[in-house]
file input.cif (mmCIF, C-alpha atoms)
data_model
loop_
_atom_site.label_atom_id
_atom_site.label_comp_id
_atom_site.auth_asym_id
_atom_site.auth_seq_id
_atom_site.Cartn_x
_atom_site.Cartn_y
_atom_site.Cartn_z
CA MET A 1 -31.26 -12.39 8.13
CA GLN A 2 -33.94 -14.63 6.65
CA THR A 3 -34.13 -14.73 2.86
CA THR A 4 -36.71 -16.17 0.48
CA PHE A 5 -34.87 -16.67 -2.80
CA THR A 6 -36.36 -19.48 -4.89
CA PRO A 7 -34.30 -22.53 -5.94
CA GLU A 8 -34.40 -21.19 -9.50
CA GLN A 9 -32.99 -17.83 -8.42
CA LEU A 10 -30.18 -19.54 -6.48
CA THR A 11 -28.92 -21.20 -9.66
CA ASP A 12 -27.52 -17.77 -10.55
CA PRO A 13 -24.01 -17.62 -8.98
CA ALA A 14 -24.37 -13.90 -8.21
CA ILE A 15 -27.70 -14.44 -6.42
CA LYS A 16 -26.30 -17.43 -4.57
CA ARG A 17 -23.38 -15.33 -3.29
CA SER A 18 -25.63 -12.43 -2.30
CA ASN A 19 -27.93 -14.84 -0.47
CA GLU A 20 -24.97 -16.12 1.58
CA ILE A 21 -24.02 -12.56 2.47
CA LEU A 22 -27.56 -11.49 3.36
CA ARG A 23 -28.08 -14.52 5.60
CA SER A 24 -24.93 -13.66 7.57
CA CYS A 25 -26.33 -10.23 8.59
CA VAL A 26 -27.87 -10.15 12.09
CA HIS A 27 -29.26 -6.56 11.97
CA CYS A 28 -26.96 -5.51 14.84
CA GLY A 29 -26.29 -2.01 13.50
CA PHE A 30 -22.59 -1.87 14.41
CA CYS A 31 -21.97 -0.78 10.83
CA THR A 32 -23.89 2.47 11.31
CA ALA A 33 -21.27 3.71 13.79
CA THR A 34 -18.50 3.74 11.21
CA CYS A 35 -20.41 4.51 8.00
CA PRO A 36 -19.36 7.95 6.70
CA THR A 37 -22.56 8.63 4.77
CA TYR A 38 -24.74 7.73 7.76
CA GLN A 39 -22.72 10.04 9.97
CA VAL A 40 -23.03 12.90 7.48
CA LEU A 41 -26.65 12.36 6.37
CA GLY A 42 -28.20 10.63 9.40
CA ASP A 43 -30.51 8.51 7.24
CA GLU A 44 -30.85 4.79 8.04
CA LEU A 45 -31.09 4.06 4.30
CA ASP A 46 -27.67 5.68 3.89
CA SER A 47 -26.15 3.13 6.25
CA PRO A 48 -24.97 -0.37 5.32
CA ARG A 49 -27.85 -1.94 7.24
CA GLY A 50 -30.38 0.20 5.40
CA ARG A 51 -28.82 -0.49 2.03
CA ILE A 52 -28.80 -4.21 2.77
CA TYR A 53 -32.59 -4.12 3.26
CA LEU A 54 -33.01 -2.25 -0.02
CA ILE A 55 -30.76 -4.69 -1.89
CA LYS A 56 -32.51 -7.73 -0.39
CA ASP A 57 -35.93 -6.47 -1.43
CA MET A 58 -34.74 -5.60 -4.93
CA LEU A 59 -33.00 -8.90 -5.61
CA GLU A 60 -35.49 -11.24 -3.96
CA ASN A 61 -38.42 -9.77 -5.82
CA GLU A 62 -36.46 -9.34 -9.04
CA ARG A 63 -37.79 -5.82 -8.84
CA LYS A 64 -37.00 -3.09 -11.31
CA PRO A 65 -34.88 -0.65 -9.27
CA ASP A 66 -36.68 2.53 -8.27
CA ALA A 67 -35.14 5.99 -7.92
CA LYS A 68 -35.12 5.78 -4.11
CA THR A 69 -33.15 2.52 -4.02
CA VAL A 70 -30.71 3.74 -6.65
CA LYS A 71 -30.15 7.03 -4.81
CA HIS A 72 -29.13 5.34 -1.57
CA ILE A 73 -26.93 2.72 -3.23
CA ASP A 74 -25.28 5.39 -5.38
CA ARG A 75 -24.47 7.29 -2.19
CA CYS A 76 -22.43 4.36 -0.86
CA LEU A 77 -18.70 5.13 -0.96
CA SER A 78 -17.64 1.47 -0.92
CA CYS A 79 -15.21 2.53 1.80
CA LEU A 80 -15.89 -0.87 3.44
CA ALA A 81 -15.55 0.48 6.98
CA CYS A 82 -18.65 -1.58 7.69
CA MET A 83 -16.73 -4.77 6.89
CA THR A 84 -14.06 -3.88 9.44
CA THR A 85 -16.72 -3.20 12.07
CA CYS A 86 -19.13 -6.05 11.36
CA PRO A 87 -18.92 -8.81 14.02
CA SER A 88 -20.70 -11.28 11.73
CA GLY A 89 -18.35 -11.07 8.77
CA VAL A 90 -20.90 -9.70 6.29
CA HIS A 91 -19.06 -9.32 2.97
CA TYR A 92 -20.77 -6.07 2.03
CA MET A 93 -18.37 -5.41 -0.88
CA HIS A 94 -19.59 -8.36 -2.95
CA LEU A 95 -23.20 -7.53 -2.12
CA VAL A 96 -23.09 -3.88 -3.16
CA ASP A 97 -21.08 -4.76 -6.28
CA HIS A 98 -23.86 -7.17 -7.28
CA ALA A 99 -26.49 -4.53 -6.57
CA ARG A 100 -24.72 -2.00 -8.76
CA ALA A 101 -24.44 -4.46 -11.63
CA TYR A 102 -28.15 -5.28 -11.26
CA ILE A 103 -29.04 -1.57 -11.30
CA GLU A 104 -26.85 -0.95 -14.35
CA LYS A 105 -28.77 -3.62 -16.27
CA ASN A 106 -32.27 -2.86 -15.03
CA TYR A 107 -32.53 0.87 -14.28
CA ASP A 108 -33.03 3.64 -16.82
CA ARG A 109 -31.02 6.54 -15.42
CA PRO A 110 -31.72 10.17 -16.34
CA TRP A 111 -29.80 11.15 -19.48
CA SER A 112 -27.41 13.41 -17.55
CA ASP A 113 -26.39 10.53 -15.26
CA ARG A 114 -25.92 8.19 -18.21
CA ALA A 115 -23.83 10.77 -20.03
CA LEU A 116 -21.58 11.44 -17.03
CA ARG A 117 -21.00 7.76 -16.37
CA TRP A 118 -20.33 7.10 -20.06
CA ILE A 119 -17.74 9.91 -20.16
CA LEU A 120 -15.98 8.81 -16.98
CA ALA A 121 -15.84 5.18 -18.11
CA ARG A 122 -14.25 6.17 -21.41
CA ILE A 123 -11.75 8.70 -20.11
CA LEU A 124 -10.42 7.86 -16.62
CA PRO A 125 -9.14 4.31 -17.37
CA TYR A 126 -7.16 5.56 -20.38
CA PRO A 127 -4.12 7.70 -19.41
CA MET A 128 -3.73 9.61 -22.68
CA ARG A 129 -7.44 10.40 -22.93
CA PHE A 130 -7.38 11.46 -19.30
CA ARG A 131 -4.42 13.77 -19.95
CA VAL A 132 -6.32 15.51 -22.73
CA ALA A 133 -9.38 15.82 -20.48
CA LEU A 134 -7.26 17.26 -17.66
CA LEU A 135 -5.82 19.84 -20.02
CA GLY A 136 -9.32 20.86 -21.04
CA ALA A 137 -10.43 20.99 -17.40
CA LYS A 138 -7.38 23.08 -16.51
CA ILE A 139 -8.34 25.62 -19.16
CA GLY A 140 -11.95 25.66 -17.97
CA ARG A 141 -11.17 25.70 -14.26
CA PRO A 142 -11.45 29.52 -13.85
CA PHE A 143 -15.06 29.22 -15.05
CA ALA A 144 -16.01 26.37 -12.68
CA ARG A 145 -18.29 28.58 -10.57
CA LEU A 146 -20.37 29.37 -13.62
CA MET A 147 -21.27 25.71 -14.16
CA PRO A 148 -24.94 25.01 -13.28
CA ASP A 149 -24.27 21.37 -12.29
CA ALA A 150 -22.23 20.61 -9.15
CA ARG A 151 -20.80 17.54 -10.86
CA LEU A 152 -19.44 19.62 -13.73
CA ARG A 153 -17.92 22.04 -11.23
CA ALA A 154 -16.27 19.11 -9.41
CA MET A 155 -14.78 17.82 -12.66
CA LEU A 156 -13.24 21.20 -13.46
CA GLU A 157 -11.99 21.76 -9.93
CA MET A 158 -10.34 18.34 -9.87
CA ALA A 159 -7.84 19.35 -12.54
CA PRO A 160 -4.33 19.74 -11.09
CA LYS A 161 -2.44 23.00 -11.58
CA THR A 162 0.25 21.13 -13.48
CA ILE A 163 0.02 17.98 -15.55
CA PRO A 164 3.23 15.93 -15.35
CA PRO A 165 5.00 14.77 -18.51
CA VAL A 166 4.66 11.13 -19.48
CA SER A 167 7.11 8.89 -17.62
CA ARG A 168 8.85 6.36 -19.82
CA ASN A 169 9.26 4.19 -16.71
CA ASP A 170 5.60 3.22 -17.23
CA ASP A 171 6.45 1.55 -20.56
CA PRO A 172 6.78 -2.27 -20.61
CA GLN A 173 10.32 -3.13 -19.55
CA THR A 174 12.41 -4.69 -16.79
CA PHE A 175 14.37 -2.78 -14.15
CA PRO A 176 17.32 -4.76 -12.72
CA ALA A 177 17.71 -5.05 -8.96
CA GLN A 178 20.66 -4.27 -6.77
CA ASN A 179 21.58 -7.58 -5.10
CA LYS A 180 18.50 -9.33 -6.48
CA LYS A 181 16.26 -11.04 -3.93
CA MET A 182 13.00 -11.34 -5.86
CA ARG A 183 11.21 -10.54 -9.10
CA VAL A 184 7.99 -8.53 -9.04
CA ALA A 185 5.58 -6.98 -11.51
CA LEU A 186 4.54 -3.39 -10.90
CA MET A 187 1.01 -2.38 -11.76
CA THR A 188 1.40 1.11 -13.23
CA GLY A 189 -2.34 1.77 -13.32
CA CYS A 190 -4.27 4.31 -15.37
CA ALA A 191 -5.37 7.60 -13.76
CA GLN A 192 -2.23 7.72 -11.64
CA LYS A 193 -0.07 7.78 -14.78
CA ALA A 194 -1.79 11.01 -15.81
CA LEU A 195 -2.07 12.67 -12.39
CA ASN A 196 1.24 11.87 -10.70
CA THR A 197 4.12 10.06 -12.39
CA ASP A 198 6.39 10.52 -9.36
CA ILE A 199 4.72 7.62 -7.52
CA ASN A 200 5.64 4.86 -9.98
CA ASP A 201 9.11 6.36 -10.48
CA ALA A 202 9.75 6.35 -6.72
CA THR A 203 8.37 2.81 -6.38
CA ILE A 204 10.73 1.48 -9.04
CA ARG A 205 13.75 3.22 -7.50
CA LEU A 206 12.92 1.97 -4.01
CA LEU A 207 12.16 -1.63 -4.95
CA THR A 208 15.25 -2.06 -7.14
CA ARG A 209 17.42 -0.43 -4.45
CA LEU A 210 16.14 -2.93 -1.90
CA GLY A 211 16.67 -6.00 -4.10
CA ALA A 212 13.54 -6.47 -6.23
CA GLU A 213 13.77 -6.80 -9.98
CA VAL A 214 10.76 -4.88 -11.31
CA VAL A 215 8.95 -5.75 -14.53
CA VAL A 216 6.27 -3.63 -16.15
CA ALA A 217 4.32 -6.27 -18.05
CA GLU A 218 3.30 -5.83 -21.67
CA GLY A 219 -0.49 -5.47 -21.95
CA ALA A 220 -1.25 -4.60 -18.32
CA GLY A 221 -3.18 -1.42 -17.58
CA CYS A 222 -6.31 -0.31 -15.74
CA CYS A 223 -7.41 -2.71 -13.00
CA GLY A 224 -11.10 -2.26 -13.86
CA ALA A 225 -12.13 -0.78 -10.50
CA LEU A 226 -13.56 2.46 -11.88
CA THR A 227 -16.05 0.74 -14.19
CA HIS A 228 -16.60 -2.16 -11.76
CA HIS A 229 -17.91 0.21 -9.09
CA MET A 230 -20.26 1.79 -11.63
CA GLY A 231 -21.82 -1.63 -12.17
CA LYS A 232 -20.36 -1.90 -15.68
CA GLU A 233 -19.24 -5.52 -15.25
CA ASP A 234 -18.55 -6.27 -18.90
CA GLU A 235 -16.27 -3.26 -19.29
CA SER A 236 -14.42 -3.88 -16.04
CA HIS A 237 -13.87 -7.54 -16.87
CA VAL A 238 -12.37 -6.68 -20.26
CA THR A 239 -9.65 -4.49 -18.72
CA ALA A 240 -9.10 -6.83 -15.78
CA ALA A 241 -8.69 -9.79 -18.14
CA LYS A 242 -5.86 -7.98 -19.93
CA ASN A 243 -4.01 -7.71 -16.63
CA ILE A 244 -4.61 -11.34 -15.77
CA ARG A 245 -3.24 -12.51 -19.11
CA ALA A 246 -0.23 -10.16 -18.94
CA TRP A 247 0.75 -11.21 -15.42
CA ALA A 248 0.05 -14.91 -16.01
CA LYS A 249 2.49 -14.74 -18.94
CA GLU A 250 5.17 -13.34 -16.60
CA MET A 251 4.41 -15.97 -13.96
CA ASP A 252 4.73 -18.73 -16.56
CA GLY A 253 7.92 -17.17 -17.97
CA ASP A 254 10.62 -15.97 -15.59
CA GLY A 255 8.24 -16.18 -12.63
CA LEU A 256 6.93 -13.58 -10.20
CA ASP A 257 7.19 -13.39 -6.43
CA ALA A 258 4.54 -10.69 -6.27
CA ILE A 259 2.41 -8.25 -8.21
CA VAL A 260 3.04 -4.92 -6.52
CA ILE A 261 0.31 -2.27 -6.44
CA ASN A 262 0.91 1.24 -5.14
CA THR A 263 -2.68 2.48 -5.50
CA SER A 264 -4.70 0.80 -2.79
CA GLY A 265 -8.03 1.23 -4.58
CA CYS A 266 -6.62 -0.88 -7.41
CA GLY A 267 -5.13 -3.34 -4.94
CA THR A 268 -8.49 -4.15 -3.38
CA THR A 269 -9.90 -4.94 -6.81
CA VAL A 270 -6.94 -6.99 -8.05
CA LYS A 271 -6.99 -9.06 -4.88
CA ASP A 272 -10.65 -9.81 -5.70
CA TYR A 273 -9.98 -11.01 -9.27
CA GLY A 274 -10.33 -14.61 -8.09
CA HIS A 275 -13.92 -13.89 -7.04
CA MET A 276 -14.74 -11.69 -10.03
CA PHE A 277 -13.63 -14.39 -12.50
CA ARG A 278 -14.70 -17.45 -10.50
CA ASN A 279 -17.07 -18.58 -13.26
CA ASP A 280 -14.87 -17.52 -16.17
CA ALA A 281 -12.38 -19.39 -18.34
CA LEU A 282 -9.69 -17.24 -16.70
CA ALA A 283 -10.66 -18.42 -13.20
CA ALA A 284 -7.41 -20.31 -12.51
CA ASP A 285 -5.14 -17.50 -13.69
CA ALA A 286 -7.27 -14.89 -11.91
CA ALA A 287 -6.89 -16.80 -8.65
CA ARG A 288 -3.12 -17.00 -9.19
CA VAL A 289 -2.97 -13.24 -9.69
CA SER A 290 -5.03 -12.53 -6.58
CA ASP A 291 -2.85 -14.86 -4.52
CA ILE A 292 0.37 -12.92 -5.20
CA ALA A 293 -1.07 -9.38 -5.44
CA MET A 294 0.42 -7.17 -2.72
CA ASP A 295 0.26 -3.56 -1.70
CA VAL A 296 3.68 -1.95 -1.96
CA SER A 297 3.82 -1.71 1.85
CA GLU A 298 3.43 -5.49 2.12
CA ILE A 299 6.36 -6.19 -0.19
CA LEU A 300 8.52 -3.55 1.52
CA MET A 301 7.99 -5.31 4.85
CA LYS A 302 9.63 -8.36 3.28
CA LEU A 303 12.67 -6.41 2.11
CA ASP A 304 15.48 -5.15 4.33
CA MET A 305 14.86 -1.41 4.40
CA PRO A 306 17.53 0.48 6.36
CA GLU A 307 16.58 2.41 9.48
CA GLY A 308 16.69 6.18 9.60
CA GLU A 309 17.51 8.51 12.47
CA ASN A 310 14.50 10.60 13.46
CA LYS A 311 15.02 14.32 12.85
CA GLY A 312 11.54 15.33 13.92
CA THR A 313 9.82 15.52 10.54
CA LYS A 314 6.13 15.09 11.33
CA VAL A 315 4.11 13.01 8.88
CA ALA A 316 0.33 12.82 9.25
CA TYR A 317 -0.61 9.42 7.87
CA HIS A 318 -3.95 9.15 6.09
CA ALA A 319 -5.16 5.56 6.02
CA ALA A 320 -6.91 5.01 2.69
CA CYS A 321 -10.16 3.07 3.12
CA SER A 322 -9.23 0.61 0.39
CA LEU A 323 -6.04 -0.19 2.30
CA GLN A 324 -7.25 -0.36 5.91
CA HIS A 325 -10.74 -1.76 5.23
CA GLY A 326 -10.55 -3.33 1.77
CA GLN A 327 -7.20 -5.04 2.31
CA GLN A 328 -7.03 -4.94 6.12
CA ILE A 329 -3.53 -3.40 6.00
CA LYS A 330 -3.41 -1.08 8.99
CA THR A 331 0.10 -0.86 10.41
CA PHE A 332 2.61 -1.58 7.62
CA PRO A 333 2.79 1.94 6.11
CA LYS A 334 3.14 3.53 9.56
CA ASP A 335 5.75 0.97 10.61
CA LEU A 336 7.78 1.66 7.47
CA LEU A 337 7.63 5.42 7.89
CA LYS A 338 8.74 5.13 11.51
CA LYS A 339 11.59 2.82 10.53
CA ALA A 340 12.68 5.34 7.90
CA GLY A 341 12.94 7.99 10.61
CA PHE A 342 9.73 9.98 10.37
CA THR A 343 7.52 10.97 13.29
CA VAL A 344 4.15 9.47 12.37
CA LEU A 345 0.88 11.07 13.47
CA GLU A 346 -2.64 9.76 12.85
CA PRO A 347 -5.92 11.69 13.02
CA ALA A 348 -8.67 10.74 15.44
CA ASP A 349 -11.06 9.88 12.60
CA SER A 350 -8.59 7.62 10.80
CA HIS A 351 -11.32 5.05 10.07
CA LEU A 352 -13.44 7.54 8.09
CA CYS A 353 -13.31 8.10 4.34
CA CYS A 354 -11.93 11.31 2.82
CA GLY A 355 -14.72 11.28 0.24
CA SER A 356 -12.67 10.48 -2.86
CA ALA A 357 -13.73 6.84 -3.39
CA GLY A 358 -12.85 6.45 -7.06
CA THR A 359 -15.35 8.56 -9.02
CA TYR A 360 -17.50 9.36 -5.97
CA ASN A 361 -16.14 12.91 -5.65
CA LEU A 362 -17.30 13.55 -9.22
CA MET A 363 -20.71 11.89 -8.97
CA GLN A 364 -21.61 12.86 -5.38
CA PRO A 365 -19.69 16.16 -4.96
CA GLU A 366 -21.75 17.61 -2.09
CA ILE A 367 -21.32 14.61 0.22
CA SER A 368 -17.72 14.20 -0.90
CA LYS A 369 -16.91 17.80 0.02
CA GLN A 370 -18.35 17.41 3.50
CA LEU A 371 -16.18 14.35 4.08
CA LYS A 372 -13.11 16.07 2.63
CA ASP A 373 -13.54 19.08 4.90
CA LEU A 374 -13.83 16.84 7.95
CA LYS A 375 -10.75 14.85 6.97
CA VAL A 376 -8.63 17.92 6.21
CA GLN A 377 -9.64 19.49 9.52
CA THR A 378 -8.50 16.49 11.55
CA LEU A 379 -5.25 16.14 9.58
CA GLU A 380 -4.35 19.83 9.89
CA ALA A 381 -5.09 19.68 13.63
CA LEU A 382 -1.97 17.51 13.94
CA THR A 383 0.17 20.40 12.55
CA PRO A 384 2.19 18.05 10.33
CA ASP A 385 5.06 18.92 8.00
CA ILE A 386 3.77 16.42 5.45
CA ILE A 387 0.63 14.36 4.83
CA SER A 388 1.20 10.84 3.52
CA ALA A 389 -1.23 8.43 1.86
CA GLY A 390 -1.10 5.25 -0.20
CA ASN A 391 -3.76 6.04 -2.79
CA ILE A 392 -3.74 8.65 -5.56
CA GLY A 393 -7.46 9.37 -5.20
CA CYS A 394 -7.06 10.28 -1.54
CA MET A 395 -4.02 12.41 -2.36
CA MET A 396 -5.93 14.43 -4.95
CA GLN A 397 -8.96 14.78 -2.68
CA ILE A 398 -7.10 15.89 0.44
CA GLY A 399 -4.57 17.94 -1.50
CA GLY A 400 -7.41 20.02 -2.92
CA GLY A 401 -8.32 21.22 0.58
CA THR A 402 -5.02 21.94 2.31
CA ASP A 403 -1.71 23.74 1.84
CA VAL A 404 0.16 21.01 3.71
CA PRO A 405 2.14 19.04 1.08
CA ILE A 406 0.75 15.55 0.47
CA VAL A 407 2.88 12.77 -0.96
CA HIS A 408 2.65 9.03 -1.43
CA THR A 409 4.16 6.94 1.36
CA VAL A 410 6.52 5.29 -1.09
CA GLU A 411 7.93 8.69 -2.13
CA LEU A 412 8.92 9.40 1.48
CA LEU A 413 10.52 5.97 1.84
CA ASP A 414 12.41 6.43 -1.42
CA TRP A 415 13.64 9.84 -0.25
CA ALA A 416 14.72 8.48 3.13
CA THR A 417 16.73 5.67 1.52
CA GLY A 418 18.68 7.71 -1.02
CA GLY A 419 16.15 8.87 -3.60
CA PRO A 420 15.34 12.47 -4.55
CA GLN A 421 13.16 14.71 -2.45
CA PRO A 422 9.51 14.40 -3.53
CA PRO A 423 8.67 17.29 -5.88
CA ALA A 424 5.57 18.12 -3.83
CA LEU A 425 7.85 19.16 -0.96
CA THR A 426 9.69 21.77 -3.02
CA ALA A 427 6.67 23.85 -4.00
CA PRO A 428 7.23 27.62 -3.84
CA GLY A 429 6.68 29.13 -0.42
CA LYS A 430 6.83 25.81 1.44
CA GLN A 431 9.47 25.17 4.07
CA GLU A 432 11.42 22.05 3.14
CA PRO A 433 11.12 19.27 5.74
CA GLN A 434 14.30 17.66 6.99
CA ILE A 435 15.20 14.22 5.66
CA PRO A 436 15.87 11.46 8.20
CA ILE A 437 19.49 10.34 8.48
CA LEU A 438 20.13 6.69 7.59
CA ARG A 439 22.05 4.73 10.16
#
call {"tool": "encode", "arguments": {"input": "input.cif", "output": "structure tokens"}}
result
Amino acid sequence: MQTTFTPEQLTDPAIKRSNEILRSCVHCGFCTATCPTYQVLGDELDSPRGRIYLIKDMLENERKPDAKTVKHIDRCLSCLACMTTCPSGVHYMHLVDHARAYIEKNYDRPWSDRALRWILARILPYPMRFRVALLGAKIGRPFARLMPDARLRAMLEMAPKTIPPVSRNDDPQTFPAQNKKMRVALMTGCAQKALNTDINDATIRLLTRLGAEVVVAEGAGCCGALTHHMGKEDESHVTAAKNIRAWAKEMDGDGLDAIVINTSGCGTTVKDYGHMFRNDALAADAARVSDIAMDVSEILMKLDMPEGENKGTKVAYHAACSLQHGQQIKTFPKDLLKKAGFTVLEPADSHLCCGSAGTYNLMQPEISKQLKDLKVQTLEALTPDIISAGNIGCMMQIGGGTDVPIVHTVELLDWATGGPQPPALTAPGKQEPQIPILR
């Protein structure tokens, strides 16, 4: 794609990067075939190619964003399926992130949009605030249908039936390994600590059982993804910087073999810290963090997990977009589940987003619901005993549309190697799946 940025514009590192990305696009349209919003809405401007044209025009002309451009960019899920499909290697993620930051600084949103984004940015990244908000939403959930705004209804409906107690395993500390092979830091996250404490608990049990000493670093918290994808760069960089400093301190102390992340949406962002902080004083440490950041499935492939004997328990594996497209991790979770003794099934539309996408299901509830219904339909068609995923957002989204129990992949692996049965599998009225037998 030909661009016409001036030499003065290209002195801006963000413009320079976007120019590189734009020039790599050849207008082929392969991205439209795998874009969820294009498939649902059928509008060229709701495809990556269409959004690229809008972004190019906005940035080149230093144009104040208009409502039309903002609408179509806001509708992007950042599922990054287009990056998997693109034959030219267009790094759409960096481009749309720049566009969102530009919009945040130059577009005056309606007051309701500003209010919603302000609330989400000040609640979701903070576990205790989020817990209080979930309690309020739980109380208000019976009245969701009375809400005039679909986004308010979505916020109330998102509230889980039960809010788990705080897990003290999320506090800064070190968990010793059995037959220590490595030392890793676990990112405990933010929203996940309020929505489902079983995931971090299972991760710690599994990693220490397989030989990894696990440290929860003092000062680490939210990865910054939620605010980053809203275009709130300053806020996202503040929280990300805390992680970088906390993990750099561990690397400089007793050392780290990896930073383990069990929420793939966070993992995609942490692995991009090197780019996000490339012009910052923390650039060197940010690059070090990105270099050793790993999804939990990546680190488990390095450890000697015992094999299980298959007893026919059918697991429908949902591939989170941030894992398969953002991090290009496609087979590891399935390989691990098979090794543990589960029968792994995958839906025909495995490349398509479930519609969660961070805060997308709260800000674009109508499109999100269409995508959720499609995903649930294809998963239930497999008649599984369990649905497994590697991202809390996907779990909440899919779980809100099906009675099939949904658990994190690491919970199943923990169960298969000696840990407790995931609580989600013992819900009243559900037939308990059989556990694989370890060889």
call {"tool": "resolve_selection", "arguments": {"input": "input.cif", "expression": "the PyMOL selection byres ((chain A and resi 245) around 9)", "output": "list in words"}}
result
Gly219, Ala220, Ala240, Ala241, Lys242, Asn243, Ile244, Ala246, Trp247, Ala248, Lys249, Glu250, Leu282, Asp285 and Ala286 of chain A
call {"tool": "atom_distance", "arguments": {"input": "input.cif", "atom1": "CA of Arg205 in chain A", "atom2": "CA of His408 in chain A"}}
result
13.9 Å
call {"tool": "closest_residue", "arguments": {"input": "input.cif", "among": "A:Gln328, A:Ser356, A:Thr239, A:Thr426", "to": "Gly400 in chain A", "atoms": "all atoms listed in the file"}}
result
A:Ser356
call {"tool": "resolve_selection", "arguments": {"input": "input.cif", "expression": "the PyMOL selection byres ((chain A and resi 349) around 10)", "output": "CSV table (one decimal) with C-alpha atoms, in the frame of the given file"}}
result
chain,number,residue,atom,x,y,z
A,34,THR,CA,-18.5,3.7,11.2
A,318,HIS,CA,-4.0,9.2,6.1
A,319,ALA,CA,-5.2,5.6,6.0
A,346,GLU,CA,-2.6,9.8,12.8
A,347,PRO,CA,-5.9,11.7,13.0
A,348,ALA,CA,-8.7,10.7,15.4
A,350,SER,CA,-8.6,7.6,10.8
A,351,HIS,CA,-11.3,5.0,10.1
A,352,LEU,CA,-13.4,7.5,8.1
A,353,CYS,CA,-13.3,8.1,4.3
A,354,CYS,CA,-11.9,11.3,2.8
A,374,LEU,CA,-13.8,16.8,8.0
A,375,LYS,CA,-10.8,14.8,7.0
A,378,THR,CA,-8.5,16.5,11.6
A,379,LEU,CA,-5.2,16.1,9.6
call {"tool": "resolve_selection", "arguments": {"input": "input.cif", "expression": "the PyMOL selection byres ((chain A and resi 386-391) around 6)", "output": "PyMOL selection string"}}
result
chain A and resi 263-264+315-318+384-385+392-394+405-409
call {"tool": "closest_residue", "arguments": {"input": "input.cif", "among": "A:Ala191, A:Leu80, A:Met363, A:Leu226", "to": "Gly326 in chain A", "atoms": "all atoms listed in the file"}}
result
A:Leu80
call {"tool": "closest_residue", "arguments": {"input": "input.cif", "among": "A:Ile21, A:Met396, A:Ala33, A:Leu186", "to": "Ile52 in chain A", "atoms": "all atoms listed in the file"}}
result
A:Ile21
call {"tool": "closest_residue", "arguments": {"input": "input.cif", "among": "A:Gly29, A:Pro127, A:Pro142, A:Pro423", "to": "Asp170 in chain A", "atoms": "only C-alpha atoms"}}
result
A:Pro127
call {"tool": "atom_distance", "arguments": {"input": "input.cif", "atom1": "CA of Pro420 in chain A", "atom2": "CA of Ser167 in chain A"}}
result
15.9 Å
call {"tool": "residues_around", "arguments": {"input": "input.cif", "residues": "range 108-115 of chain A", "least_positions_apart": "5", "cutoff": "9 Å", "atoms": "only C-alpha atoms", "output": "MDAnalysis selection string"}}
result
chainID A and resid 65 67 103 120 363
